[in-house]
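What follows is the content of query-v1.cif (mmCIF, C-alpha atoms).
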```cif
data_final
loop_
_atom_site.label_atom_id
_atom_site.label_comp_id
_atom_site.auth_asym_id
_atom_site.auth_seq_id
_atom_site.Cartn_x
_atom_site.Cartn_y
_atom_site.Cartn_z
CA MET A 498 28.04 31.33 -28.16
CA ASN A 499 27.92 35.01 -29.09
CA SER A 500 26.81 36.41 -25.73
CA PRO A 501 26.78 35.11 -22.15
CA HIS A 502 23.11 34.18 -21.93
CA THR A 503 21.86 33.56 -18.41
CA ILE A 504 20.91 30.04 -17.39
CA ALA A 505 18.98 29.36 -14.19
CA VAL A 506 19.69 25.88 -12.84
CA LEU A 507 16.91 24.85 -10.47
CA GLY A 508 18.08 21.96 -8.31
CA LEU A 509 21.63 21.84 -6.99
CA GLY A 510 21.89 18.24 -5.93
CA ARG A 511 24.69 16.04 -7.24
CA MET A 512 23.74 16.35 -10.89
CA GLY A 513 22.40 19.90 -10.74
CA ASP A 514 25.55 21.18 -9.09
CA ALA A 515 27.76 19.37 -11.62
CA ILE A 516 25.68 20.77 -14.50
CA ALA A 517 25.80 24.32 -13.11
CA THR A 518 29.55 24.10 -12.61
CA ARG A 519 30.08 22.75 -16.12
CA LEU A 520 27.97 25.49 -17.75
CA ALA A 521 29.74 28.21 -15.77
CA ALA A 522 33.12 26.80 -16.79
CA GLU A 523 31.96 26.94 -20.43
CA GLY A 524 31.31 30.68 -20.15
CA TRP A 525 27.59 30.83 -19.46
CA ASP A 526 26.19 33.19 -16.84
CA VAL A 527 24.75 30.67 -14.39
CA VAL A 528 22.53 31.31 -11.39
CA GLY A 529 21.46 28.36 -9.25
CA TRP A 530 18.73 27.69 -6.75
CA THR A 531 17.73 24.67 -4.72
CA ARG A 532 14.88 23.95 -2.36
CA SER A 533 17.29 22.85 0.35
CA GLY A 534 19.08 26.21 0.35
CA ARG A 535 22.35 24.56 -0.68
CA LEU A 536 24.85 26.95 -2.25
CA ALA A 537 26.18 26.34 -5.74
CA SER A 538 29.82 25.37 -6.09
CA GLY A 539 32.13 26.35 -8.91
CA ALA A 540 31.46 29.68 -10.60
CA ALA A 541 27.65 29.61 -10.35
CA ARG A 542 25.80 32.26 -8.38
CA THR A 543 23.06 31.19 -5.97
CA ALA A 544 19.69 32.95 -5.84
CA ALA A 545 17.67 33.38 -2.66
CA ASP A 546 14.45 32.15 -4.30
CA PRO A 547 13.46 30.53 -7.59
CA GLN A 548 11.66 33.61 -8.91
CA GLU A 549 14.88 35.62 -8.56
CA ALA A 550 16.81 32.84 -10.31
CA VAL A 551 14.56 32.78 -13.40
CA ALA A 552 13.65 36.47 -13.69
CA LYS A 553 16.44 37.30 -16.17
CA ALA A 554 17.13 33.82 -17.46
CA ASP A 555 17.14 32.94 -21.14
CA PHE A 556 17.07 29.26 -20.18
CA VAL A 557 15.72 27.53 -17.08
CA LEU A 558 17.27 24.11 -16.57
CA LEU A 559 15.59 21.69 -14.17
CA ALA A 560 17.73 19.10 -12.39
CA LEU A 561 15.22 17.84 -9.85
CA PHE A 562 14.52 14.45 -8.27
CA ASP A 563 11.10 13.62 -9.69
CA GLY A 564 7.98 14.78 -11.48
CA PRO A 565 6.19 16.29 -8.47
CA ALA A 566 9.27 18.41 -7.71
CA CYS A 567 9.35 19.66 -11.32
CA ARG A 568 5.68 20.51 -11.25
CA GLN A 569 5.87 22.32 -7.91
CA VAL A 570 8.91 24.40 -8.82
CA LEU A 571 7.54 25.36 -12.23
CA GLU A 572 4.24 26.41 -10.68
CA VAL A 573 6.16 28.75 -8.38
CA VAL A 574 8.29 30.36 -11.12
CA ARG A 575 5.84 30.35 -14.02
CA GLY A 576 4.74 33.94 -13.45
CA SER A 577 8.37 35.11 -13.35
CA LEU A 578 9.45 33.55 -16.66
CA ARG A 579 10.10 35.79 -19.63
CA THR A 580 7.96 35.09 -22.67
CA ASP A 581 11.00 33.89 -24.61
CA THR A 582 12.51 31.76 -21.84
CA ILE A 583 13.10 28.11 -22.72
CA VAL A 584 12.60 25.42 -20.06
CA LEU A 585 15.10 22.56 -20.30
CA ASN A 586 14.09 19.61 -18.15
CA THR A 587 16.93 17.13 -17.55
CA SER A 588 15.07 15.36 -14.72
CA THR A 589 14.01 11.71 -14.92
CA ILE A 590 10.23 11.72 -14.67
CA ALA A 591 7.28 9.63 -15.85
CA PRO A 592 6.22 9.87 -19.52
CA ALA A 593 2.79 11.21 -18.51
CA GLU A 594 4.42 13.87 -16.33
CA ALA A 595 6.63 14.99 -19.22
CA ALA A 596 3.62 15.17 -21.52
CA GLU A 597 1.71 17.30 -19.03
CA LEU A 598 4.56 19.79 -18.68
CA ALA A 599 4.83 20.00 -22.47
CA ARG A 600 1.12 20.79 -22.67
CA GLN A 601 1.51 23.55 -20.09
CA PHE A 602 4.58 25.24 -21.59
CA GLY A 603 4.07 24.47 -25.26
CA PRO A 604 6.96 25.09 -27.66
CA SER A 605 9.03 26.67 -24.86
CA TYR A 606 9.53 23.24 -23.24
CA VAL A 607 12.42 20.89 -24.04
CA HIS A 608 12.43 17.48 -22.40
CA ALA A 609 16.10 16.51 -22.20
CA PRO A 610 16.80 13.59 -19.82
CA VAL A 611 20.46 12.68 -19.67
CA LEU A 612 22.37 9.40 -19.77
CA GLY A 613 25.33 9.52 -17.43
CA SER A 614 25.98 10.67 -13.89
CA VAL A 615 28.13 13.24 -12.12
CA PRO A 616 31.49 12.46 -13.82
CA ALA A 617 29.92 12.75 -17.29
CA ALA A 618 28.23 16.04 -16.37
CA THR A 619 31.51 17.38 -15.02
CA THR A 620 33.41 16.53 -18.21
CA GLY A 621 30.63 17.44 -20.65
CA THR A 622 30.19 13.89 -21.91
CA LEU A 623 26.54 13.28 -21.09
CA ARG A 624 24.25 11.69 -23.68
CA ILE A 625 21.14 13.83 -23.93
CA LEU A 626 17.78 12.59 -25.27
CA ALA A 627 16.08 15.80 -26.41
CA ALA A 628 12.48 16.12 -27.54
CA ALA A 629 11.13 19.55 -28.52
CA ASP A 630 9.93 21.77 -31.30
CA ARG A 631 12.77 21.89 -33.83
CA ASP A 632 13.26 25.68 -33.62
CA THR A 633 13.26 25.56 -29.83
CA LEU A 634 15.78 22.74 -29.80
CA ASP A 635 18.02 24.68 -32.21
CA ARG A 636 18.02 27.59 -29.76
CA ALA A 637 18.74 25.30 -26.81
CA ARG A 638 21.36 23.17 -28.56
CA PRO A 639 24.40 25.29 -27.54
CA VAL A 640 23.45 24.89 -23.87
CA LEU A 641 22.90 21.15 -24.16
CA GLU A 642 26.05 20.61 -26.24
CA ALA A 643 28.07 22.21 -23.47
CA LEU A 644 26.96 19.24 -21.37
CA GLY A 645 27.38 16.46 -23.90
CA THR A 646 26.10 14.90 -27.11
CA VAL A 647 22.52 15.67 -28.11
CA GLN A 648 20.35 12.97 -29.67
CA ARG A 649 17.07 14.38 -30.92
CA VAL A 650 14.08 12.15 -30.25
CA ASP A 651 11.83 12.44 -33.30
CA ALA A 652 8.66 11.95 -31.30
CA ASP A 653 6.89 13.52 -28.36
CA VAL A 654 8.39 14.23 -24.96
CA ALA A 655 6.77 11.11 -23.47
CA THR A 656 8.94 9.00 -25.76
CA ALA A 657 12.11 10.72 -24.53
CA ALA A 658 11.03 10.14 -20.93
CA SER A 659 10.26 6.49 -21.69
CA LEU A 660 13.61 5.93 -23.38
CA LYS A 661 15.42 7.33 -20.35
CA LEU A 662 13.58 4.90 -18.06
CA ILE A 663 14.43 2.00 -20.37
CA ALA A 664 18.10 3.02 -20.31
CA ASN A 665 18.06 3.07 -16.51
CA SER A 666 16.32 -0.29 -16.49
CA SER A 667 19.31 -1.84 -18.23
CA LEU A 668 21.57 -0.19 -15.65
CA ALA A 669 19.50 -1.61 -12.79
CA GLY A 670 19.73 -5.07 -14.32
CA ALA A 671 23.50 -4.79 -14.67
CA VAL A 672 23.87 -3.64 -11.06
CA LEU A 673 21.92 -6.64 -9.81
CA VAL A 674 23.85 -9.06 -12.04
CA LEU A 675 27.08 -7.58 -10.70
CA ARG A 676 25.78 -8.05 -7.17
CA ASP A 677 25.15 -11.74 -7.81
CA ALA A 678 28.57 -12.18 -9.42
CA LEU A 679 30.35 -10.59 -6.46
CA ARG A 680 28.26 -12.59 -4.00
CA GLN A 681 29.34 -15.81 -5.68
CA SER A 682 32.94 -14.61 -5.91
CA ASP A 683 33.01 -13.87 -2.19
CA ALA A 684 31.47 -17.27 -1.44
CA LEU A 685 34.27 -18.91 -3.46
CA GLY A 686 36.87 -16.98 -1.49
CA LEU A 687 38.23 -15.15 -4.52
CA PRO A 688 40.16 -11.92 -3.95
CA ARG A 689 37.86 -9.03 -4.78
CA ALA A 690 40.45 -7.27 -6.97
CA GLN A 691 41.01 -10.43 -9.02
CA ALA A 692 37.27 -10.94 -9.53
CA LEU A 693 36.83 -7.32 -10.61
CA ASP A 694 39.72 -7.64 -13.09
CA VAL A 695 37.94 -10.54 -14.79
CA LEU A 696 34.49 -8.94 -14.67
CA GLU A 697 35.91 -5.82 -16.24
CA LEU A 698 36.85 -7.89 -19.29
CA GLY A 699 33.26 -9.00 -19.92
CA HIS A 700 29.82 -7.51 -20.51
CA LEU A 701 29.86 -5.71 -17.15
CA GLY A 702 33.18 -4.07 -17.98
CA ARG A 703 32.04 -0.46 -18.28
CA LEU A 704 30.03 -0.61 -15.07
CA VAL A 705 32.87 -2.26 -13.15
CA ALA A 706 35.37 0.30 -14.46
CA ARG A 707 33.17 3.23 -13.44
CA LYS A 708 32.23 1.85 -10.04
CA ARG A 709 35.47 0.16 -9.06
CA PRO A 710 36.24 2.64 -6.22
CA TYR A 711 32.95 1.55 -4.61
CA LEU A 712 33.55 -2.16 -5.16
CA THR A 713 37.02 -2.72 -3.79
CA VAL A 714 35.96 -3.24 -0.16
CA GLU A 715 36.28 -6.98 0.51
CA PRO A 716 33.62 -8.11 1.03
CA ALA A 717 31.08 -5.35 0.54
CA THR A 718 29.96 -3.80 3.81
CA GLU A 719 26.61 -4.70 5.29
CA THR A 720 25.77 -1.02 5.81
CA GLY A 721 26.11 -0.25 2.12
CA LYS A 722 28.22 2.83 2.91
CA ALA A 723 30.22 3.87 -0.12
CA PRO A 724 33.89 4.86 0.07
CA ALA A 725 33.26 8.01 -1.95
CA THR A 726 30.52 10.55 -2.63
CA ALA A 727 27.64 8.95 -4.50
CA GLU A 728 27.38 9.65 -8.22
CA PHE A 729 23.97 8.05 -8.80
CA THR A 730 22.05 6.87 -5.76
CA VAL A 731 20.19 3.65 -5.05
CA GLY A 732 17.13 5.72 -4.13
CA ALA A 733 17.12 7.53 -7.47
CA LEU A 734 17.48 4.31 -9.48
CA ALA A 735 14.76 2.58 -7.44
CA LYS A 736 12.50 5.57 -8.06
CA ASP A 737 13.14 5.36 -11.80
CA MET A 738 12.33 1.65 -11.88
CA ALA A 739 9.09 2.27 -10.01
CA LEU A 740 8.19 4.92 -12.59
CA LEU A 741 8.89 2.46 -15.41
CA ALA A 742 6.83 -0.29 -13.81
CA ASP A 743 3.93 2.10 -13.32
CA ALA A 744 4.13 3.56 -16.85
CA SER A 745 4.40 0.17 -18.56
CA GLY A 746 1.91 -1.62 -16.34
CA ALA A 747 4.42 -4.49 -16.10
CA PRO A 748 6.04 -5.39 -12.76
CA LEU A 749 9.83 -5.20 -12.63
CA ARG A 750 11.85 -7.53 -10.44
CA SER A 751 14.66 -4.96 -10.42
CA ALA A 752 12.38 -2.38 -8.78
CA ALA A 753 11.63 -4.72 -5.88
CA GLU A 754 15.23 -5.86 -5.50
CA LEU A 755 16.61 -2.32 -5.49
CA ALA A 756 14.00 -1.22 -2.96
CA ALA A 757 14.95 -4.15 -0.73
CA THR A 758 18.70 -3.52 -0.85
CA PRO A 759 20.33 -2.94 2.56
CA ALA A 760 22.13 0.11 1.15
CA GLY A 761 20.76 3.49 2.13
CA PRO A 762 18.84 5.44 -0.55
CA GLU A 763 21.61 8.07 -0.66
CA SER A 764 24.34 5.49 -1.31
CA ASP A 765 25.81 5.13 -4.77
CA ILE A 766 24.19 2.44 -6.91
CA ALA A 767 27.29 0.29 -6.42
CA ALA A 768 26.12 -0.19 -2.83
CA ALA A 769 23.27 -2.28 -4.25
CA THR A 770 25.87 -4.98 -4.83
CA VAL A 771 25.80 -5.62 -1.08
CA PRO A 772 24.14 -9.03 -0.56
CA ALA A 773 20.50 -8.49 0.27
CA VAL A 774 20.58 -11.02 3.10
CA HIS A 775 23.03 -11.25 5.98
CA ASP A 776 25.19 -14.35 5.62
CA ALA A 777 23.89 -15.87 8.91
CA VAL A 778 20.29 -15.56 7.72
CA LEU A 779 21.16 -16.99 4.32
CA ASP A 780 22.93 -19.95 5.92
CA ALA A 781 19.86 -20.64 8.04
CA VAL A 782 17.59 -20.60 4.98
CA LEU A 783 19.96 -22.87 3.08
CA GLU A 784 20.03 -25.54 5.81
CA PRO A 785 16.65 -27.18 4.96
CA LEU A 786 17.58 -27.04 1.27
CA ARG A 787 20.82 -28.86 2.04
CA ALA A 788 18.86 -31.46 4.03
CA TYR A 789 16.61 -31.89 1.01
CA VAL A 790 19.68 -32.50 -1.18
CA ARG A 791 20.98 -35.06 1.34
CA GLY A 792 17.66 -36.86 1.15
CA HIS A 793 17.99 -37.28 -2.61
CA ALA A 794 21.65 -38.25 -2.39
CA THR A 795 21.11 -40.96 0.24
CA GLY A 796 17.52 -42.04 -0.34
CA ASP A 797 17.02 -41.61 3.44
CA ALA A 798 13.63 -39.99 4.05
CA ALA A 799 14.75 -38.77 7.50
CA HIS A 800 16.52 -35.91 5.74
CA PHE A 801 13.25 -34.84 4.11
CA ARG A 802 11.55 -34.80 7.51
CA ASP A 803 14.31 -32.46 8.68
CA ALA A 804 13.84 -30.26 5.64
CA PHE A 805 10.02 -29.99 5.47
CA LEU A 806 7.31 -28.91 7.85
CA PRO A 807 5.08 -31.87 8.81
CA THR A 808 2.22 -30.17 6.96
CA ALA A 809 4.18 -29.70 3.73
CA HIS A 810 3.04 -30.93 0.33
CA VAL A 811 4.99 -31.77 -2.82
CA GLU A 812 3.09 -30.93 -5.98
CA GLY A 813 3.59 -31.32 -9.72
CA ILE A 814 2.60 -33.27 -12.81
CA ARG A 815 3.34 -37.03 -12.75
CA ASP A 816 2.34 -39.38 -15.56
CA GLY A 817 0.27 -36.58 -17.04
CA ALA A 818 -1.78 -35.95 -13.88
CA PHE A 819 -1.49 -33.41 -11.09
CA VAL A 820 -0.28 -34.87 -7.80
CA SER A 821 -0.16 -33.36 -4.33
CA TRP A 822 1.69 -35.58 -1.90
CA PRO A 823 1.63 -34.97 1.84
CA LEU A 824 5.04 -35.39 3.42
CA ASP A 825 4.46 -39.00 4.55
CA ALA A 826 3.45 -40.08 1.04
CA TYR A 827 6.44 -38.32 -0.47
CA CYS A 828 8.87 -39.92 2.00
CA ALA A 829 7.40 -43.36 1.23
CA LEU A 830 8.70 -43.03 -2.34
CA PHE A 831 12.30 -43.40 -1.16
CA ALA A 832 13.87 -46.80 -0.50
CA GLY A 833 16.50 -45.75 2.05
CA ARG A 834 19.43 -46.18 -0.30
CA PRO A 835 21.00 -44.09 -3.09
CA ALA A 836 19.81 -44.44 -6.65
CA PRO A 837 22.03 -46.77 -8.75
CA ASP A 838 23.23 -43.84 -10.87
CA GLU A 839 23.73 -41.46 -7.93
CA PRO A 840 27.39 -40.70 -8.83
CA ALA A 841 26.22 -39.25 -12.16
CA ARG A 842 23.47 -37.09 -10.65
CA SER A 843 23.84 -33.44 -9.65
CA ARG A 844 21.85 -30.81 -7.80
CA ARG A 845 22.33 -27.08 -7.45
CA ILE A 846 20.56 -24.28 -5.59
CA ASP A 847 19.88 -21.55 -8.15
CA THR A 848 18.20 -18.72 -6.24
CA VAL A 849 17.24 -17.79 -2.70
CA ASP A 850 15.17 -14.71 -1.87
CA VAL A 851 14.38 -13.86 1.75
CA HIS A 852 11.52 -11.59 2.80
CA GLY A 853 11.46 -11.36 6.58
CA THR A 854 10.04 -14.63 7.90
CA VAL A 855 9.38 -16.21 4.49
CA ALA A 856 11.67 -17.14 1.62
CA THR A 857 11.53 -18.62 -1.85
CA ALA A 858 14.15 -20.76 -3.53
CA THR A 859 14.68 -22.64 -6.78
CA MET A 860 16.82 -25.68 -7.41
CA THR A 861 17.84 -27.69 -10.48
CA LEU A 862 18.24 -31.46 -10.15
CA SER A 863 19.84 -33.44 -12.97
CA HIS A 864 18.79 -37.03 -12.45
CA GLY A 865 19.84 -39.06 -15.47
CA ALA A 866 17.29 -38.75 -18.23
CA GLU A 867 15.24 -36.26 -16.21
CA THR A 868 15.88 -32.71 -15.09
CA PHE A 869 13.72 -31.15 -12.38
CA THR A 870 13.16 -27.53 -11.52
CA ASP A 871 12.04 -27.36 -7.90
CA VAL A 872 10.41 -24.24 -6.47
CA PHE A 873 10.25 -23.95 -2.68
CA LEU A 874 8.34 -21.82 -0.22
CA LEU A 875 10.11 -21.66 3.14
CA VAL A 876 9.04 -20.19 6.48
CA ARG A 877 10.84 -19.47 9.70
CA ALA A 878 9.16 -21.80 12.20
CA ASP A 879 9.86 -22.81 15.83
CA ARG A 880 12.66 -25.16 14.74
CA GLY A 881 14.18 -22.63 12.39
CA TRP A 882 13.67 -22.42 8.66
CA ARG A 883 11.66 -25.24 7.05
CA ILE A 884 10.19 -25.94 3.63
CA ALA A 885 6.44 -25.29 3.71
CA ASN A 886 5.73 -26.43 0.18
CA LYS A 887 7.47 -27.62 -2.97
CA ALA A 888 6.30 -27.55 -6.57
CA TYR A 889 8.30 -29.07 -9.38
CA HIS A 890 8.55 -29.17 -13.15
CA ARG A 891 9.94 -32.30 -14.84
CA HIS A 892 11.47 -32.31 -18.30
CA SER A 893 13.89 -34.42 -20.29
CA SER A 894 17.58 -33.72 -19.88
CA PRO A 895 19.16 -32.35 -23.08
CA SER A 896 21.54 -35.28 -23.39
CA HIS A 897 18.96 -37.88 -22.31
CA PRO A 898 15.72 -37.49 -24.31
CA ARG A 899 12.96 -39.48 -22.61
CA VAL A 900 11.81 -42.30 -24.84
CA GLY A 901 9.00 -43.64 -22.73
CA GLY A 902 8.23 -45.67 -19.68
CA ARG A 903 7.44 -44.49 -16.21
CA GLU A 904 8.77 -41.09 -15.21
CA SER A 905 10.91 -41.11 -12.13
CA GLU A 906 11.64 -38.13 -9.92
CA GLY A 907 14.94 -39.58 -8.94
CA PHE A 908 13.90 -41.63 -5.93
CA ALA A 909 15.33 -45.09 -5.47
CA GLU A 910 12.18 -47.15 -6.08
#
```
I need this file expressed as structure tokens, please.
Amino acid sequence: MNSPHTIAVLGLGRMGDAIATRLAAEGWDVVGWTRSGRLASGAARTAADPQEAVAKADFVLLALFDGPACRQVLEVVRGSLRTDTIVLNTSTIAPAEAAELARQFGPSYVHAPVLGSVPAATTGTLRILAAADRDTLDRARPVLEALGTVQRVDADVATAASLKLIANSSLAGAVLVLRDALRQSDALGLPRAQALDVLELGHLGRLVARKRPYLTVEPATETGKAPATAEFTVGALAKDMALLADASGAPLRSAAELAATPAGPESDIAAATVPAVHDAVLDAVLEPLRAYVRGHATGDAAHFRDAFLPTAHVEGIRDGAFVSWPLDAYCALFAGRPAPDEPARSRRIDTVDVHGTVATATMTLSHGAETFTDVFLLVRADRGWRIANKAYHRHSSPSHPRVGGRESEGFAE
């Protein structure tokens, strides 16, 4: 850098403040502004309004929450920009929003979403996906390289925005997998530190290592409050997943699960590892499923009557035809005694998702030559949680290919 060019950083939240501080430490003349009126930390100066911040800036760097914020701020400052000012947008926004801003600002616009959170910005180790006119990117490269490694996206700005959302999608998936692993670990009574040591050795290792300060509370708190200042919030990640779902036209389970997390939107993403359902509620939902398992294990239909609502139906394909049994007909299939091969059979509850007064669950039953995937709809009724309906899929167990004869769902007939 031959001269201390001025950089206006618009948005001084967690990332914006870290970026402004990093650039100032690298010798740039940095002036910051934020809509909240928050002052910049580090060596950055703070402007009273955005027009003042950009008036003498060679580069205007956006570190804002979403597309509407970018559009609103740029509309305010557009008349104050110099003709040679370059706009660097590090915000995570929708592909269509990035494309619209590129149309408005032409070759002066660089879309540069970043991979990494506050620690990476502070140390200058961000990964930056940059899409722009080649000459413009060459001019902006010294600024971006002060923040991390630049990867040029040889396509339009919408592609860079899409790639950032895909990267965050993988992060959301890892967070939710980690949540499930810690939930199971807590249920097994394992010490949290020991579980984290093992998880850090596997595919979740990098995430566990980065978020360990947030994960060492045993078990995770119901409030989702983090033990340290958030680096990347649940609200921001949920917003990004909603953008991806909307842009792709494909629903994302991670978007719904993050939105439903008990952690506050300003909590670090590690707070999403808090179980989504209070243990007492989960135990209540599991009780009819356990009664259902007891029914199969004993052949005693009384357990099924405890598990199901009287109006429940059991539905699936049997002998090549669709069947829909009312509860009485289903109970009549059981002989009141265990199946002869009961000691070799196994059943496990795979998933439970609770949504207020309704829940869904899946279960795998290994019954000799047959394996069943059961899908349940449960409701909270007068007598507590009950199964309102069950649908099942029957297929041959891997070690017991079905040769022929009558299919059996595992009842003692």
- What does the distance from CA of Arg511 (chain A) to CA of Val570 (chain A) come to in Å, to one decimal?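 It comes out at 17.9 Å.
When only C-alpha atoms are used to measure the gap to Ala655 (chain A), the shortest distance among A:Thr620, A:Ser605, A:Thr543, A:Thr589 belongs to A:Thr589.
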Determine, using all atoms listed in the file, which residues of region 621-680 of chain A have any atom at most 12 Å from an atom of region 552-555 of chain A, and tabulate each with its shortest atom pair and distance in Å to one decimal place, rows ordered by chain and then rising number, as JSON lines.
```
{"residue": "A:Arg636", "atom": "CA", "partner": "A:Asp555", "partner_atom": "CA", "distance": 10.2}
{"residue": "A:Ala637", "atom": "CA", "partner": "A:Asp555", "partner_atom": "CA", "distance": 9.6}
{"residue": "A:Val640", "atom": "CA", "partner": "A:Asp555", "partner_atom": "CA", "distance": 10.6}
```
- Note on the structure: Pairwise distance, CA of Glu784 (chain A) with CA of Thr808 (chain A), equals 18.4 Å
Since I can't run it myself right now, could you work out what the PyMOL selection byres ((chain A and resi 690) around 12) selects here and report it as a PDB file with C-alpha atoms, in the coordinates of the input?
```pdb
ATOM      1  CA  LEU A 679      30.350 -10.590  -6.460  1.00  0.00           C
ATOM      2  CA  SER A 682      32.940 -14.610  -5.910  1.00  0.00           C
ATOM      3  CA  ASP A 683      33.010 -13.870  -2.190  1.00  0.00           C
ATOM      4  CA  GLY A 686      36.870 -16.980  -1.490  1.00  0.00           C
ATOM      5  CA  LEU A 687      38.230 -15.150  -4.520  1.00  0.00           C
ATOM      6  CA  PRO A 688      40.160 -11.920  -3.950  1.00  0.00           C
ATOM      7  CA  ARG A 689      37.860  -9.030  -4.780  1.00  0.00           C
ATOM      8  CA  GLN A 691      41.010 -10.430  -9.020  1.00  0.00           C
ATOM      9  CA  ALA A 692      37.270 -10.940  -9.530  1.00  0.00           C
ATOM     10  CA  LEU A 693      36.830  -7.320 -10.610  1.00  0.00           C
ATOM     11  CA  ASP A 694      39.720  -7.640 -13.090  1.00  0.00           C
ATOM     12  CA  VAL A 695      37.940 -10.540 -14.790  1.00  0.00           C
ATOM     13  CA  LEU A 696      34.490  -8.940 -14.670  1.00  0.00           C
ATOM     14  CA  GLU A 697      35.910  -5.820 -16.240  1.00  0.00           C
ATOM     15  CA  VAL A 705      32.870  -2.260 -13.150  1.00  0.00           C
ATOM     16  CA  ALA A 706      35.370   0.300 -14.460  1.00  0.00           C
ATOM     17  CA  ARG A 709      35.470   0.160  -9.060  1.00  0.00           C
ATOM     18  CA  PRO A 710      36.240   2.640  -6.220  1.00  0.00           C
ATOM     19  CA  TYR A 711      32.950   1.550  -4.610  1.00  0.00           C
ATOM     20  CA  LEU A 712      33.550  -2.160  -5.160  1.00  0.00           C
ATOM     21  CA  THR A 713      37.020  -2.720  -3.790  1.00  0.00           C
ATOM     22  CA  VAL A 714      35.960  -3.240  -0.160  1.00  0.00           C
ATOM     23  CA  GLU A 715      36.280  -6.980   0.510  1.00  0.00           C
ATOM     24  CA  PRO A 716      33.620  -8.110   1.030  1.00  0.00           C
TER      25      PRO A 716
END
```
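By only C-alpha atoms, and with residues fewer than 4 positions from Met738 (chain A) along its chain excluded, the set lying at most 8 Å from it is A:Leu662, A:Asn665, A:Ser666, A:Ala669, A:Leu734, A:Ala742, A:Leu749, A:Ser751, A:Ala752.
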Could you write out the selected residues, including C-alpha atoms, as a PDB file, in the frame of the given file?
```pdb
ATOM      1  CA  LEU A 662      13.580   4.900 -18.060  1.00  0.00           C
ATOM      2  CA  ASN A 665      18.060   3.070 -16.510  1.00  0.00           C
ATOM      3  CA  SER A 666      16.320  -0.290 -16.490  1.00  0.00           C
ATOM      4  CA  ALA A 669      19.500  -1.610 -12.790  1.00  0.00           C
ATOM      5  CA  LEU A 734      17.480   4.310  -9.480  1.00  0.00           C
ATOM      6  CA  ALA A 742       6.830  -0.290 -13.810  1.00  0.00           C
ATOM      7  CA  LEU A 749       9.830  -5.200 -12.630  1.00  0.00           C
ATOM      8  CA  SER A 751      14.660  -4.960 -10.420  1.00  0.00           C
ATOM      9  CA  ALA A 752      12.380  -2.380  -8.780  1.00  0.00           C
TER      10      ALA A 752
END
```
- Message: Residues near region 849-861 of chain A, anyone? I mean within 9 Å using all atoms listed in the file, not counting same-chain ones fewer than 5 positions away, as a ChimeraX atom specification.
- Response: /A:757,773-774,778-779,782-783,786,843-844,868-878,882
- Between CA of Ala678 (chain A) and CA of Ala841 (chain A) - distance in Å to one decimal: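 Atom-to-atom, CA of Ala841 (chain A) to CA of Ala678 (chain A), that is 27.3 Å.
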- Query: Restricting the calculation to all atoms listed in the file, which member of A:Ala781, A:Arg802, A:Ala643, A:Cys828 is positioned closest to Ala522 (chain A)?
  - Reply: A:Ala643
- Polymer residues at most 12 Å from Thr619 (chain A), only C-alpha atoms, same-chain spacing of 4 or more positions, as a list in words: Arg511, Met512, Gly513, Asp514, Ala515, Ile516, Ala517, Thr518, Arg519, Leu520, Ala521, Ala522, Glu523, Gly539, Gly613, Ser614, Val615, Leu623, Ala643, Leu644, Gly645 and Glu728 of chain A
- Item | Counting only C-alpha atoms, the option among A:Arg542, A:Arg834, A:Arg842, A:Arg883 closest to Tyr789 (chain A) |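 Once distances to Tyr789 (chain A) are computed over only C-alpha atoms, the minimum belongs to A:Arg883.
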Which centre and which edge lengths, in Å to one decimal, describe the axis-aligned box that holds all listed atoms of region 734-747 of chain A after 5 Å is added on each side, as JSON?
```
{"center_x": 9.7, "center_y": 0.5, "center_z": -13.0, "size_x": 25.6, "size_y": 20.1, "size_z": 21.1}
```
- Measuring atom to atom with all atoms listed in the file, identify which of A:Arg880, A:His608, A:Arg624, A:Arg600 is nearest to Val557 (chain A).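 Between A:Arg880, A:His608, A:Arg624, A:Arg600, the residue approaching Val557 (chain A) most closely is A:His608.
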- Query: Can you list, as a VMD selection string, every protein, DNA or RNA residue that comes within 10 Å of Lys708 (chain A) when you count all atoms listed in the file, leaving out same-chain residues fewer than 6 positions away?
  - Reply: chain A and resid 702 728 765 to 768
- Query: Restricting the calculation to all atoms listed in the file, which member of A:Glu572, A:Asp677, A:Glu839, A:Glu867 is positioned closest to Pro547 (chain A)?
  - Reply: A:Glu572
- Item | Result set of the PyMOL selection byres ((chain A and resi 593) around 10) on the coordinates above, as a PyMOL selection string | chain A and resi 564+590-592+594-599+654-656+658-659+744
